[in-house]
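The data block below is target.txt; it holds compact mmCIF, C-alpha atoms.
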# COMPACT_ATOMS: atom_id res chain seq x y z
CA MET A 1 93.11 104.57 83.29
CA ASP A 2 92.34 108.13 84.42
CA ASP A 3 94.10 111.16 82.94
CA PHE A 4 96.50 111.53 85.88
CA LEU A 5 97.69 107.93 85.60
CA ALA A 6 97.86 108.26 81.80
CA ALA A 7 100.02 111.39 82.09
CA ARG A 8 102.40 109.72 84.53
CA SER A 9 102.53 106.56 82.40
CA GLN A 10 103.28 108.53 79.25
CA MET A 11 106.09 110.42 80.93
CA ALA A 12 107.54 107.24 82.41
CA MET A 13 107.38 105.43 79.07
CA SER A 14 108.96 108.34 77.19
CA LEU A 15 111.77 108.75 79.71
CA GLY A 16 112.33 105.00 79.80
CA PHE A 17 112.93 104.87 76.05
CA HIS A 18 114.83 108.14 75.75
CA ILE A 19 117.27 107.38 78.54
CA ILE A 20 118.59 104.37 76.60
CA PHE A 21 119.06 106.35 73.38
CA ALA A 22 120.65 109.21 75.34
CA CYS A 23 123.10 107.01 77.24
CA ILE A 24 124.30 105.29 74.09
CA GLY A 25 124.68 108.70 72.45
CA MET A 26 126.76 109.87 75.42
CA VAL A 27 129.14 106.91 75.53
CA MET A 28 129.59 105.56 71.99
CA PRO A 29 131.43 108.69 70.73
CA PHE A 30 134.15 107.98 73.29
CA PHE A 31 134.51 104.38 72.11
CA MET A 32 134.67 105.72 68.56
CA SER A 33 137.36 108.24 69.56
CA ILE A 34 139.45 105.61 71.36
CA SER A 35 139.38 103.38 68.29
CA HIS A 36 140.22 106.35 66.04
CA PHE A 37 143.16 107.30 68.29
CA ILE A 38 144.56 103.75 68.12
CA TYR A 39 144.28 103.87 64.32
CA LEU A 40 146.10 107.21 64.13
CA LYS A 41 148.90 106.01 66.43
CA THR A 42 149.40 102.54 64.96
CA GLY A 43 148.15 102.84 61.39
CA ASN A 44 146.21 99.58 61.86
CA VAL A 45 143.36 99.85 59.32
CA LEU A 46 141.28 97.43 61.39
CA TYR A 47 140.69 100.27 63.85
CA LYS A 48 139.80 102.62 61.03
CA GLY A 49 137.05 100.23 60.01
CA LEU A 50 135.92 99.89 63.62
CA THR A 51 135.83 103.68 64.00
CA LYS A 52 133.68 104.03 60.90
CA ALA A 53 131.33 101.27 62.02
CA TRP A 54 130.85 102.82 65.45
CA SER A 55 130.42 106.29 63.94
CA ARG A 56 127.43 104.99 61.95
CA GLY A 57 125.95 103.71 65.19
CA VAL A 58 126.55 107.09 66.83
CA ALA A 59 124.69 108.76 63.95
CA ILE A 60 121.74 106.39 64.32
CA PHE A 61 121.40 106.99 68.05
CA PHE A 62 121.98 110.71 67.72
CA ALA A 63 119.05 110.98 65.30
CA THR A 64 116.84 108.80 67.49
CA GLY A 65 117.81 110.65 70.66
CA ALA A 66 117.09 113.98 68.99
CA VAL A 67 113.59 112.85 68.03
CA SER A 68 112.78 111.35 71.44
CA GLY A 69 114.27 114.31 73.30
CA THR A 70 112.23 116.78 71.26
CA MET A 71 109.10 114.77 72.01
CA LEU A 72 109.90 114.91 75.72
CA SER A 73 110.25 118.68 75.68
CA PHE A 74 106.77 118.96 74.16
CA GLU A 75 105.39 116.47 76.68
CA LEU A 76 106.48 118.64 79.60
CA GLY A 77 104.24 121.43 78.35
CA LEU A 78 101.47 119.10 77.25
CA LEU A 79 101.20 117.01 80.41
CA TRP A 80 102.47 119.30 83.18
CA PRO A 81 101.59 122.91 82.28
CA THR A 82 101.30 124.11 85.91
CA PHE A 83 104.74 122.72 86.66
CA MET A 84 106.28 124.40 83.61
CA GLU A 85 104.53 127.70 84.35
CA HIS A 86 106.21 128.02 87.73
CA ALA A 87 109.36 125.94 87.32
CA GLY A 88 110.31 126.92 83.76
CA PRO A 89 111.75 130.34 84.67
CA ILE A 90 113.78 128.76 87.48
CA PHE A 91 115.48 125.80 85.82
CA GLY A 92 115.22 127.01 82.21
CA MET A 93 118.95 127.74 82.10
CA PRO A 94 120.20 124.11 82.04
CA PHE A 95 117.63 123.30 79.34
CA SER A 96 118.83 126.25 77.24
CA LEU A 97 122.47 125.24 77.69
CA GLU A 98 121.54 121.65 76.83
CA GLY A 99 120.19 122.93 73.53
CA THR A 100 123.53 124.64 72.88
CA ALA A 101 125.41 121.43 73.67
CA PHE A 102 123.08 119.56 71.33
CA PHE A 103 123.85 121.90 68.43
CA ILE A 104 127.59 121.65 69.07
CA GLU A 105 127.27 117.86 69.09
CA ALA A 106 125.34 117.92 65.79
CA ILE A 107 127.94 120.13 64.09
CA ALA A 108 130.88 118.09 65.39
CA LEU A 109 129.23 114.82 64.34
CA GLY A 110 128.72 116.20 60.82
CA PHE A 111 132.40 117.17 60.67
CA PHE A 112 133.44 113.72 61.86
CA LEU A 113 131.20 111.70 59.54
CA TYR A 114 132.15 113.65 56.41
CA GLY A 115 135.68 114.66 57.39
CA TRP A 116 137.56 111.53 56.37
CA GLY A 117 140.40 112.65 54.05
CA ARG A 118 139.20 116.27 54.12
CA PHE A 119 140.61 117.57 57.45
CA ASN A 120 143.90 117.34 59.24
CA ARG A 121 143.77 113.87 60.80
CA TRP A 122 144.12 115.10 64.39
CA PHE A 123 141.55 117.84 63.90
CA HIS A 124 139.25 115.15 62.52
CA TRP A 125 139.87 113.05 65.64
CA ALA A 126 139.21 116.08 67.86
CA THR A 127 135.77 116.57 66.30
CA GLY A 128 134.89 113.06 67.45
CA VAL A 129 136.02 113.91 70.98
CA VAL A 130 133.83 117.03 70.88
CA VAL A 131 130.85 114.83 69.99
CA GLY A 132 131.43 112.83 73.16
CA LEU A 133 132.08 115.83 75.41
CA SER A 134 129.02 117.70 74.20
CA GLY A 135 126.92 114.55 74.65
CA ILE A 136 128.13 114.22 78.25
CA ALA A 137 127.43 117.93 78.81
CA SER A 138 123.88 117.49 77.49
CA GLY A 139 123.29 114.60 79.87
CA ILE A 140 124.66 116.47 82.88
CA LEU A 141 122.56 119.56 82.14
CA VAL A 142 119.35 117.55 81.85
CA VAL A 143 120.19 115.69 85.06
CA ALA A 144 120.78 119.07 86.76
CA ALA A 145 117.19 120.01 85.91
CA ASN A 146 115.93 116.72 87.34
CA ALA A 147 118.12 117.16 90.40
CA TRP A 148 116.44 120.53 91.00
CA MET A 149 113.11 118.70 91.28
CA ASN A 150 114.66 116.58 94.04
CA SER A 151 116.47 119.48 95.69
CA PRO A 152 114.69 122.77 94.87
CA ALA A 153 116.96 125.81 95.07
CA GLY A 154 117.40 129.25 93.57
CA PHE A 155 114.11 130.82 94.66
CA ASP A 156 112.02 131.82 97.63
CA TYR A 157 108.54 130.30 97.90
CA VAL A 158 106.26 132.84 99.58
CA ASP A 159 102.45 132.60 99.64
CA GLY A 160 102.39 130.39 96.55
CA GLN A 161 104.72 132.71 94.62
CA TYR A 162 108.24 131.93 93.35
CA LEU A 163 110.35 135.00 94.16
CA ASN A 164 114.04 136.05 94.06
CA ILE A 165 114.86 133.57 91.29
CA ASP A 166 118.56 132.67 90.88
CA PRO A 167 119.04 130.36 87.86
CA ILE A 168 122.67 129.62 88.71
CA ALA A 169 121.79 128.45 92.23
CA ALA A 170 118.93 126.41 90.76
CA MET A 171 121.20 124.68 88.26
CA PHE A 172 123.96 123.93 90.80
CA ASN A 173 121.57 122.65 93.46
CA ASP A 174 122.64 120.29 96.21
CA ALA A 175 121.71 117.16 94.25
CA TRP A 176 123.17 117.90 90.81
CA PHE A 177 126.70 116.60 91.40
CA SER A 178 125.78 113.26 92.96
CA GLN A 179 123.05 112.61 90.38
CA ALA A 180 125.22 113.64 87.42
CA LEU A 181 128.18 111.52 88.56
CA HIS A 182 125.97 108.49 89.14
CA MET A 183 124.22 108.96 85.79
CA VAL A 184 127.41 109.35 83.72
CA LEU A 185 128.98 106.25 85.26
CA ALA A 186 125.72 104.33 84.78
CA ALA A 187 125.73 105.29 81.10
CA PHE A 188 129.26 103.92 80.66
CA VAL A 189 128.42 100.73 82.56
CA ALA A 190 125.19 100.04 80.67
CA THR A 191 126.47 100.93 77.21
CA GLY A 192 129.89 99.39 77.74
CA PHE A 193 128.55 95.99 78.78
CA ALA A 194 125.89 96.04 76.05
CA VAL A 195 128.43 96.83 73.31
CA ALA A 196 130.96 94.35 74.69
CA GLY A 197 128.24 91.70 74.89
CA VAL A 198 127.19 92.18 71.27
CA HIS A 199 130.77 91.82 70.08
CA ALA A 200 131.26 88.84 72.42
CA LEU A 201 128.27 87.19 70.74
CA MET A 202 129.87 87.73 67.33
CA LEU A 203 133.11 86.21 68.64
CA LEU A 204 131.23 83.14 69.86
CA LYS A 205 129.79 82.81 66.35
CA GLY A 206 133.29 83.04 64.88
CA LYS A 207 132.49 85.98 62.59
CA ASN A 208 135.13 88.65 61.82
CA THR A 209 136.99 87.72 64.98
CA SER A 210 139.82 90.26 64.68
CA PHE A 211 137.35 93.12 64.23
CA HIS A 212 135.05 92.04 67.06
CA HIS A 213 137.93 91.25 69.40
CA ALA A 214 139.30 94.79 69.01
CA ALA A 215 135.84 96.25 69.64
CA PHE A 216 135.23 93.95 72.60
CA ARG A 217 138.45 95.00 74.36
CA ILE A 218 137.67 98.72 74.16
CA ALA A 219 134.07 98.36 75.34
CA ALA A 220 134.77 95.76 78.03
CA LEU A 221 137.63 97.68 79.62
CA SER A 222 135.61 100.90 79.73
CA ALA A 223 132.58 99.12 81.18
CA CYS A 224 134.60 97.32 83.85
CA ILE A 225 136.35 100.45 85.08
CA ALA A 226 133.01 102.28 85.30
CA ALA A 227 131.37 99.31 87.06
CA LEU A 228 133.99 99.41 89.83
CA LEU A 229 133.63 103.18 90.23
CA GLN A 230 129.84 103.02 90.32
CA PRO A 231 129.56 101.82 93.95
CA VAL A 232 131.57 104.88 95.01
CA SER A 233 129.12 107.20 93.27
CA GLY A 234 126.26 105.14 94.70
CA ASP A 235 127.57 105.73 98.21
CA ILE A 236 127.79 109.48 97.54
CA SER A 237 124.22 109.46 96.21
CA ALA A 238 122.89 107.44 99.15
CA LYS A 239 124.40 109.83 101.71
CA ASP A 240 122.99 112.78 99.76
CA VAL A 241 119.51 111.24 99.65
CA ALA A 242 119.69 110.44 103.38
CA LYS A 243 120.37 114.10 104.07
CA ARG A 244 117.88 115.73 101.67
CA GLN A 245 115.16 113.13 101.10
CA PRO A 246 115.01 110.78 104.11
CA VAL A 247 111.53 109.64 103.09
CA LYS A 248 112.89 108.41 99.75
CA LEU A 249 115.68 106.53 101.53
CA ALA A 250 113.14 104.91 103.85
CA ALA A 251 111.07 103.79 100.85
CA MET A 252 114.15 102.48 99.06
CA GLU A 253 114.93 100.29 102.05
CA ALA A 254 111.30 99.60 103.11
CA HIS A 255 112.42 101.00 106.46
CA PHE A 256 109.38 101.69 108.65
CA ASP A 257 110.73 102.26 112.20
CA THR A 258 113.01 105.14 113.17
CA GLU A 259 115.85 103.49 115.07
CA PRO A 260 119.60 103.53 115.68
CA ARG A 261 121.66 100.74 114.19
CA ALA A 262 119.14 100.65 111.36
CA PRO A 263 119.46 97.44 109.32
CA PHE A 264 120.16 97.28 105.62
CA ILE A 265 117.38 95.19 104.09
CA VAL A 266 118.11 92.67 101.35
CA GLY A 267 115.04 91.39 99.51
CA GLY A 268 111.76 91.27 101.36
CA ILE A 269 108.14 92.05 100.53
CA PRO A 270 106.91 95.39 101.90
CA ASP A 271 103.50 95.32 103.62
CA GLU A 272 102.43 98.96 103.48
CA GLU A 273 99.14 98.39 105.29
CA ASN A 274 100.84 96.98 108.36
CA ASP A 275 104.06 99.04 108.08
CA THR A 276 106.40 96.08 107.94
CA VAL A 277 108.52 94.11 105.49
CA ARG A 278 108.33 90.32 105.31
CA TYR A 279 110.88 87.66 104.36
CA ALA A 280 113.81 90.08 104.34
CA LEU A 281 117.45 89.55 105.24
CA LYS A 282 118.45 92.35 107.63
CA ILE A 283 122.07 93.36 108.21
CA PRO A 284 122.12 95.29 111.55
CA GLY A 285 123.60 98.78 111.54
CA LEU A 286 124.59 98.80 107.89
CA LEU A 287 121.91 101.27 106.75
CA SER A 288 122.91 103.71 109.51
CA PHE A 289 126.54 103.39 108.46
CA LEU A 290 125.82 103.81 104.73
CA ALA A 291 123.52 106.78 105.31
CA HIS A 292 125.44 108.63 108.01
CA GLY A 293 128.83 106.95 108.44
CA ASP A 294 127.84 105.98 111.99
CA VAL A 295 126.18 102.67 112.88
CA ASP A 296 124.57 104.20 116.00
CA LYS A 297 122.92 107.15 114.24
CA PRO A 298 119.15 106.75 113.76
CA VAL A 299 117.60 106.53 110.30
CA MET A 300 114.09 107.94 109.94
CA GLY A 301 111.38 105.38 109.23
CA LEU A 302 108.19 105.69 107.21
CA LYS A 303 106.00 105.54 110.32
CA ASP A 304 107.08 109.13 111.04
CA VAL A 305 105.63 110.29 107.71
CA PRO A 306 101.88 110.81 107.04
CA ARG A 307 100.65 108.21 104.59
CA GLU A 308 99.61 110.85 102.05
CA ASN A 309 103.26 112.02 101.88
CA ARG A 310 104.79 108.59 101.40
CA PRO A 311 105.97 107.34 98.00
CA PRO A 312 104.84 103.93 96.72
CA VAL A 313 107.08 101.81 98.93
CA ALA A 314 106.93 98.47 97.10
CA VAL A 315 107.81 99.91 93.67
CA THR A 316 110.66 102.01 95.08
CA HIS A 317 112.05 99.15 97.17
CA TYR A 318 111.93 96.54 94.40
CA ALA A 319 113.53 98.93 91.91
CA PHE A 320 116.29 99.76 94.38
CA GLN A 321 116.96 96.09 95.09
CA LEU A 322 117.08 95.35 91.36
CA MET A 323 119.50 98.19 90.71
CA ILE A 324 121.81 97.15 93.55
CA GLY A 325 121.69 93.46 92.63
CA LEU A 326 122.49 93.96 88.96
CA GLY A 327 125.16 96.52 89.80
CA MET A 328 126.89 94.01 92.06
CA LEU A 329 126.75 91.30 89.38
CA LEU A 330 128.30 93.64 86.81
CA ALA A 331 130.98 94.71 89.29
CA ALA A 332 131.78 91.04 89.92
CA LEU A 333 132.10 90.45 86.17
CA ALA A 334 134.39 93.49 86.01
CA VAL A 335 136.64 91.99 88.69
CA VAL A 336 136.80 88.70 86.79
CA TYR A 337 137.67 90.43 83.51
CA LEU A 338 140.31 92.72 85.01
CA TYR A 339 141.85 89.81 86.91
CA GLY A 340 142.05 87.92 83.64
CA LEU A 341 143.58 90.95 81.95
CA ILE A 342 146.30 91.22 84.59
CA ARG A 343 146.95 87.64 85.71
CA LYS A 344 145.08 85.12 83.53
CA ARG A 345 145.40 86.20 79.91
CA PRO A 346 143.96 82.92 78.52
CA TRP A 347 140.66 83.83 80.20
CA LEU A 348 140.18 86.72 77.77
CA SER A 349 139.60 84.39 74.83
CA SER A 350 137.66 81.74 76.75
CA ARG A 351 134.11 81.01 75.69
CA TRP A 352 132.77 81.03 79.25
CA LEU A 353 133.89 84.64 79.76
CA LEU A 354 132.37 85.70 76.44
CA ARG A 355 129.10 84.02 77.44
CA LEU A 356 129.07 85.99 80.69
CA PHE A 357 129.34 89.21 78.71
CA VAL A 358 126.51 88.10 76.42
CA VAL A 359 124.31 87.45 79.46
CA ALA A 360 125.24 90.92 80.74
CA ILE A 361 123.97 92.72 77.59
CA PRO A 362 120.65 93.87 79.12
CA MET A 363 121.72 94.06 82.75
CA GLY A 364 123.13 97.57 82.71
CA TYR A 365 120.06 99.05 81.05
CA ILE A 366 117.70 97.21 83.40
CA ALA A 367 119.68 98.62 86.33
CA LEU A 368 119.57 102.06 84.70
CA GLU A 369 115.79 101.95 84.34
CA ALA A 370 115.45 100.69 87.92
CA GLY A 371 117.61 103.55 89.17
CA TRP A 372 115.45 106.14 87.42
CA THR A 373 112.39 104.46 88.89
CA VAL A 374 113.88 104.93 92.35
CA THR A 375 114.66 108.59 91.60
CA GLU A 376 111.23 109.48 90.23
CA VAL A 377 108.83 107.20 92.13
CA GLY A 378 110.73 107.74 95.37
CA ARG A 379 110.07 111.50 95.12
CA GLN A 380 106.29 111.08 94.95
CA PRO A 381 103.83 112.54 95.75
CA TRP A 382 105.95 115.60 94.88
CA ILE A 383 106.89 116.80 91.40
CA ILE A 384 108.97 119.52 93.13
CA HIS A 385 110.11 118.06 96.42
CA GLU A 386 107.93 119.41 99.26
CA VAL A 387 106.83 122.38 97.11
CA MET A 388 104.39 121.14 94.43
CA ARG A 389 102.48 117.86 94.30
CA THR A 390 102.41 115.89 91.07
CA ALA A 391 98.61 115.77 91.13
CA ASP A 392 98.49 119.59 91.21
CA ALA A 393 100.76 119.92 88.16
CA VAL A 394 98.94 117.66 85.69
CA THR A 395 97.07 119.11 82.72
CA PRO A 396 93.28 119.53 83.02
CA MET A 397 92.95 118.59 79.35
CA PRO A 398 90.87 115.39 78.90
CA GLY A 399 91.79 112.44 76.71
CA ILE A 400 95.42 112.10 77.80
CA VAL A 401 95.08 108.34 77.54
CA TYR A 402 94.95 108.64 73.73
CA SER A 403 98.13 110.70 73.79
CA PHE A 404 99.70 107.93 75.86
CA TYR A 405 98.75 105.32 73.25
CA LEU A 406 100.06 107.49 70.40
CA PHE A 407 103.41 108.24 72.02
CA THR A 408 103.82 104.59 73.00
CA ALA A 409 103.31 103.55 69.38
CA ILE A 410 105.86 106.14 68.22
CA PHE A 411 108.54 105.01 70.68
CA ILE A 412 108.00 101.34 69.89
CA SER A 413 108.31 102.16 66.19
CA LEU A 414 111.53 104.11 66.79
CA SER A 415 112.96 101.21 68.77
CA LEU A 416 112.14 98.68 66.05
CA ILE A 417 113.73 100.91 63.41
CA VAL A 418 116.88 101.29 65.52
CA ILE A 419 117.10 97.53 66.07
CA PHE A 420 116.73 96.92 62.34
CA LEU A 421 119.41 99.48 61.45
CA LEU A 422 121.84 98.10 64.02
CA TYR A 423 121.19 94.55 62.80
CA ARG A 424 122.07 95.66 59.27
CA GLN A 425 125.23 97.34 60.54
CA ILE A 426 126.38 94.14 62.23
CA LYS A 427 125.55 92.03 59.18
CA MET A 428 127.59 94.39 56.96
CA VAL A 429 130.75 94.37 59.09
CA GLY A 430 132.61 91.99 56.80
CA ARG A 431 131.76 93.86 53.62
CA LEU A 432 132.13 97.45 54.81
CA TYR A 433 134.38 97.65 57.87
CA ASP A 434 136.68 94.64 58.39
CA PRO A 435 139.72 94.84 56.06
CA THR A 436 140.67 91.24 56.92
CA ASP A 437 137.42 89.87 55.48
CA PRO A 438 137.48 88.49 51.90
CA GLU A 439 134.24 90.31 51.16
CA TYR A 440 135.89 93.61 52.09
CA GLN A 441 138.74 92.91 49.72
CA LYS A 442 136.24 92.51 46.91
CA ASN A 443 134.48 95.74 47.86
CA PRO A 444 137.23 98.08 49.18
If you convert what's in this file into structure tokens, what do you get?
Amino acid sequence: MDDFLAARSQMAMSLGFHIIFACIGMVMPFFMSISHFIYLKTGNVLYKGLTKAWSRGVAIFFATGAVSGTMLSFELGLLWPTFMEHAGPIFGMPFSLEGTAFFIEAIALGFFLYGWGRFNRWFHWATGVVVGLSGIASGILVVAANAWMNSPAGFDYVDGQYLNIDPIAAMFNDAWFSQALHMVLAAFVATGFAVAGVHALMLLKGKNTSFHHAAFRIAALSACIAALLQPVSGDISAKDVAKRQPVKLAAMEAHFDTEPRAPFIVGGIPDEENDTVRYALKIPGLLSFLAHGDVDKPVMGLKDVPRENRPPVAVTHYAFQLMIGLGMLLAALAVVYLYGLIRKRPWLSSRWLLRLFVVAIPMGYIALEAGWTVTEVGRQPWIIHEVMRTADAVTPMPGIVYSFYLFTAIFISLSLIVIFLLYRQIKMVGRLYDPTDPEYQKNP
């Protein structure tokens, strides 16, 4: 492994871990706030216990996300100094504002965790809402910085110099809205189905059923609504990519020939040497319609792009297919659940439906990782789209492979610690959080 590959691998690994911690940190505070609101309105102490249980989980992921996010900020300077030298002054604003949102989130979380019985009950609830809002704001601001890499704005590039810098225009670039919308919905889908699946597993085991049923309903409903909205945001993102990054779209679809009525490709094995895709199901005209709203409008193919400017087609295509496939499965599960909620109430307590949610536990996060793979790999060979190549931004410092090994060990350790802490939380539900459990009665 050379230093360039090691640097890219380290960044990919770090982002892959952090994005999971960050998404859970963005979404769980809202689940916590919904449960807290139900408790305040009904006085049902079951929801008080659920709120406290989820707040402990929020604290765990907040701490882990803070550590992994801090590591990532150092990695940008360590691995990509040329990129940071030129790009830092341009998109530094969203990173600075993200730091502000992070501090607000930390303060609000402290108020919420230690505010039971000390604050006005609605002020206490509001601090939990602030935790969620500031977490969402942090995510959007970081995505805005990434969107700038896909859609550079807010500067003039003249003779290798970055002039007339406008941080506001850089932050609100053409890609930020579509990427932020898609990312926020993806966070709710992935976290919602994962949380609902864990509680569905506990229901199948017959443990603390009232507690887990209440938790399951909140998480499942949130996940299903987000899953049905996600295709809308996906369509917005696809049209945006078709306009700004047609090469990325071509790689996503393994689309080699520029042609009208371009087909949407399902499956297939890209053959980059011969500029073709094998064993694919092609739906005529659908790619043209999805990209441009017109089945007769041509979609640019990869043959029109020099090979040195093409992204890795196979990786981008497979990741895109995985994201779409899993997204459709989760949307189908959402339809089944919502239909049961409206028309077939007995379905909601059926074991087959709970098993489907258990199977869905990892799906959202796999789709999330695949989507980020499409975003990042599909932009290659550029770190700043059509301005700076990734190979030109990497550090000249030798021995990056050892840094990759070290950071990998740290992230694996963090993940194991989080899994252990969450396992303990689930095991302690009866004793600490479920007022209907005999163990809780003995230890109020």
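Across the model, the gap from atom CA of Ala59 of chain A to atom CA of Ile426 of chain A is 14.8 Å.
Every protein, DNA or RNA residue with an atom at most 10 Å from Ala227 of chain A, where all atoms listed in the file count and chain neighbours fewer than 4 positions away do not, is listed here: Leu185, Ala186, Phe188, Val189, Ala190, Gly192, Phe193, Leu221, Ser222, Ala223, Pro231, Val232, Gly327, Met328, Leu329, Leu330, Ala331, Ala332, Leu333, Ala334, Val335 and Gly364 of chain A.
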File dump, residues just selected, C-alpha atoms, as an mmCIF file, in the frame of the given file:
data_model
loop_
_atom_site.group_PDB
_atom_site.id
_atom_site.type_symbol
_atom_site.label_atom_id
_atom_site.label_comp_id
_atom_site.auth_asym_id
_atom_site.auth_seq_id
_atom_site.Cartn_x
_atom_site.Cartn_y
_atom_site.Cartn_z
ATOM 1 C CA LEU A 185 128.980 106.250 85.260
ATOM 2 C CA ALA A 186 125.720 104.330 84.780
ATOM 3 C CA PHE A 188 129.260 103.920 80.660
ATOM 4 C CA VAL A 189 128.420 100.730 82.560
ATOM 5 C CA ALA A 190 125.190 100.040 80.670
ATOM 6 C CA GLY A 192 129.890 99.390 77.740
ATOM 7 C CA PHE A 193 128.550 95.990 78.780
ATOM 8 C CA LEU A 221 137.630 97.680 79.620
ATOM 9 C CA SER A 222 135.610 100.900 79.730
ATOM 10 C CA ALA A 223 132.580 99.120 81.180
ATOM 11 C CA PRO A 231 129.560 101.820 93.950
ATOM 12 C CA VAL A 232 131.570 104.880 95.010
ATOM 13 C CA GLY A 327 125.160 96.520 89.800
ATOM 14 C CA MET A 328 126.890 94.010 92.060
ATOM 15 C CA LEU A 329 126.750 91.300 89.380
ATOM 16 C CA LEU A 330 128.300 93.640 86.810
ATOM 17 C CA ALA A 331 130.980 94.710 89.290
ATOM 18 C CA ALA A 332 131.780 91.040 89.920
ATOM 19 C CA LEU A 333 132.100 90.450 86.170
ATOM 20 C CA ALA A 334 134.390 93.490 86.010
ATOM 21 C CA VAL A 335 136.640 91.990 88.690
ATOM 22 C CA GLY A 364 123.130 97.570 82.710
#
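Shortest atom-to-atom contact with Pro260 of chain A among A:Met300, A:Ile60, A:Leu15, A:Ala196: A:Met300, counting all atoms listed in the file.
Residues within 7 Å of Phe404 of chain A, counting all atoms listed in the file and excluding same-chain residues fewer than 4 positions away, are Ala6, Gln10, Ile400 and Thr408 of chain A.
Closest approach to Ser73 of chain A among A:Ser14, A:Ser35, A:Ser55, A:Asn120: A:Ser14, based on only C-alpha atoms.
Of the residues listed (A:Gly285, A:Pro167, A:Gly139, A:Gly378), A:Gly285 shows the shortest atom-to-atom separation from Phe264 of chain A; distances use all atoms listed in the file.
As for atom CA of Gly206 of chain A and atom CA of Leu348 of chain A, they are spaced 15.1 Å apart.
Atom CA of Met26 of chain A to atom CA of Arg56 of chain A spans 14.3 Å [interatomic distance, one decimal].
Using only C-alpha atoms for every distance, the candidate list A:Ile417, A:Ala367, A:Ala214, A:Met84 yields A:Ala214 as the residue closest to Tyr47 of chain A.
Comparing A:Val241, A:Leu354, A:Leu113, A:Val277 by their smallest distance to His292 of chain A, the closest is A:Val241 (using all atoms listed in the file).
Of the residues listed (A:Leu353, A:Asp294, A:Asn150, A:Ser134), A:Asn150 shows the shortest atom-to-atom separation from Gln380 of chain A; distances use all atoms listed in the file.
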Near segment 383-396 of chain A, counting all atoms listed in the file, which residues have an atom at most 8 Å away, once you skip same-chain residues fewer than 5 positions from it, shown as an MDAnalysis selection string? chainID A and resid 4 7 78:83 148:152
Using only C-alpha atoms - which residues lie no farther than 12 Å from the point (97.5, 108.8, 72.0) in the file's frame? Write them as a ChimeraX atom specification. /A:3,6-7,9-10,75,398-411
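Within the 12 Å cut-off around Asp166 of chain A, using only C-alpha atoms and omitting residues fewer than 6 positions from it on the same chain, the listed residues are Ala87, Pro89, Ile90, Phe91, Gly92, Met93, Pro152, Ala153, Gly154, Phe155, Asp156, Phe172 and Asn173 of chain A.
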Write the residues you've just listed into a file as a PDB file, keeping the file's coordinate frame, and include C-alpha atoms for each of them.
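In the end it all went to result_25.pdb:
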ATOM      1  CA  ALA A  87     109.360 125.940  87.320  1.00  0.00           C
ATOM      2  CA  PRO A  89     111.750 130.340  84.670  1.00  0.00           C
ATOM      3  CA  ILE A  90     113.780 128.760  87.480  1.00  0.00           C
ATOM      4  CA  PHE A  91     115.480 125.800  85.820  1.00  0.00           C
ATOM      5  CA  GLY A  92     115.220 127.010  82.210  1.00  0.00           C
ATOM      6  CA  MET A  93     118.950 127.740  82.100  1.00  0.00           C
ATOM      7  CA  PRO A 152     114.690 122.770  94.870  1.00  0.00           C
ATOM      8  CA  ALA A 153     116.960 125.810  95.070  1.00  0.00           C
ATOM      9  CA  GLY A 154     117.400 129.250  93.570  1.00  0.00           C
ATOM     10  CA  PHE A 155     114.110 130.820  94.660  1.00  0.00           C
ATOM     11  CA  ASP A 156     112.020 131.820  97.630  1.00  0.00           C
ATOM     12  CA  PHE A 172     123.960 123.930  90.800  1.00  0.00           C
ATOM     13  CA  ASN A 173     121.570 122.650  93.460  1.00  0.00           C
TER      14      ASN A 173
END
Identify, on the basis of only C-alpha atoms, every residue whose closest approach to His182 of chain A does not exceed 7 Å; exclude the query and any residue fewer than 4 positions from it along the same chain; express the result as a PyMOL selection string. chain A and resi 178+186+230+233-234
Nearby residues, (116.9, 98.8, 76.9) file frame, 7 Å, all atoms listed in the file, as a ChimeraX atom specification: /A:20,362,365-366
Can you pull segment 114-118 of chain A out of that block with N, CA, C and O atoms and hand it back as a compact mmCIF listing (two decimals), in the first residue's frame?
# COMPACT_ATOMS: atom_id res chain seq x y z
N TYR A 114 -29.00 16.33 33.40
CA TYR A 114 -28.97 16.63 34.83
C TYR A 114 -30.11 17.55 35.27
O TYR A 114 -30.11 18.04 36.39
N GLY A 115 -31.08 17.76 34.35
CA GLY A 115 -32.16 18.70 34.66
C GLY A 115 -33.42 18.09 35.22
O GLY A 115 -34.37 18.81 35.53
N TRP A 116 -33.45 16.76 35.36
CA TRP A 116 -34.66 16.12 35.88
C TRP A 116 -34.95 16.64 37.30
O TRP A 116 -34.14 16.51 38.21
N GLY A 117 -36.15 17.24 37.48
CA GLY A 117 -36.56 17.73 38.80
C GLY A 117 -35.92 19.05 39.19
O GLY A 117 -36.19 19.56 40.28
N ARG A 118 -35.07 19.61 38.32
CA ARG A 118 -34.38 20.86 38.67
C ARG A 118 -34.89 22.05 37.84
O ARG A 118 -34.75 23.19 38.28
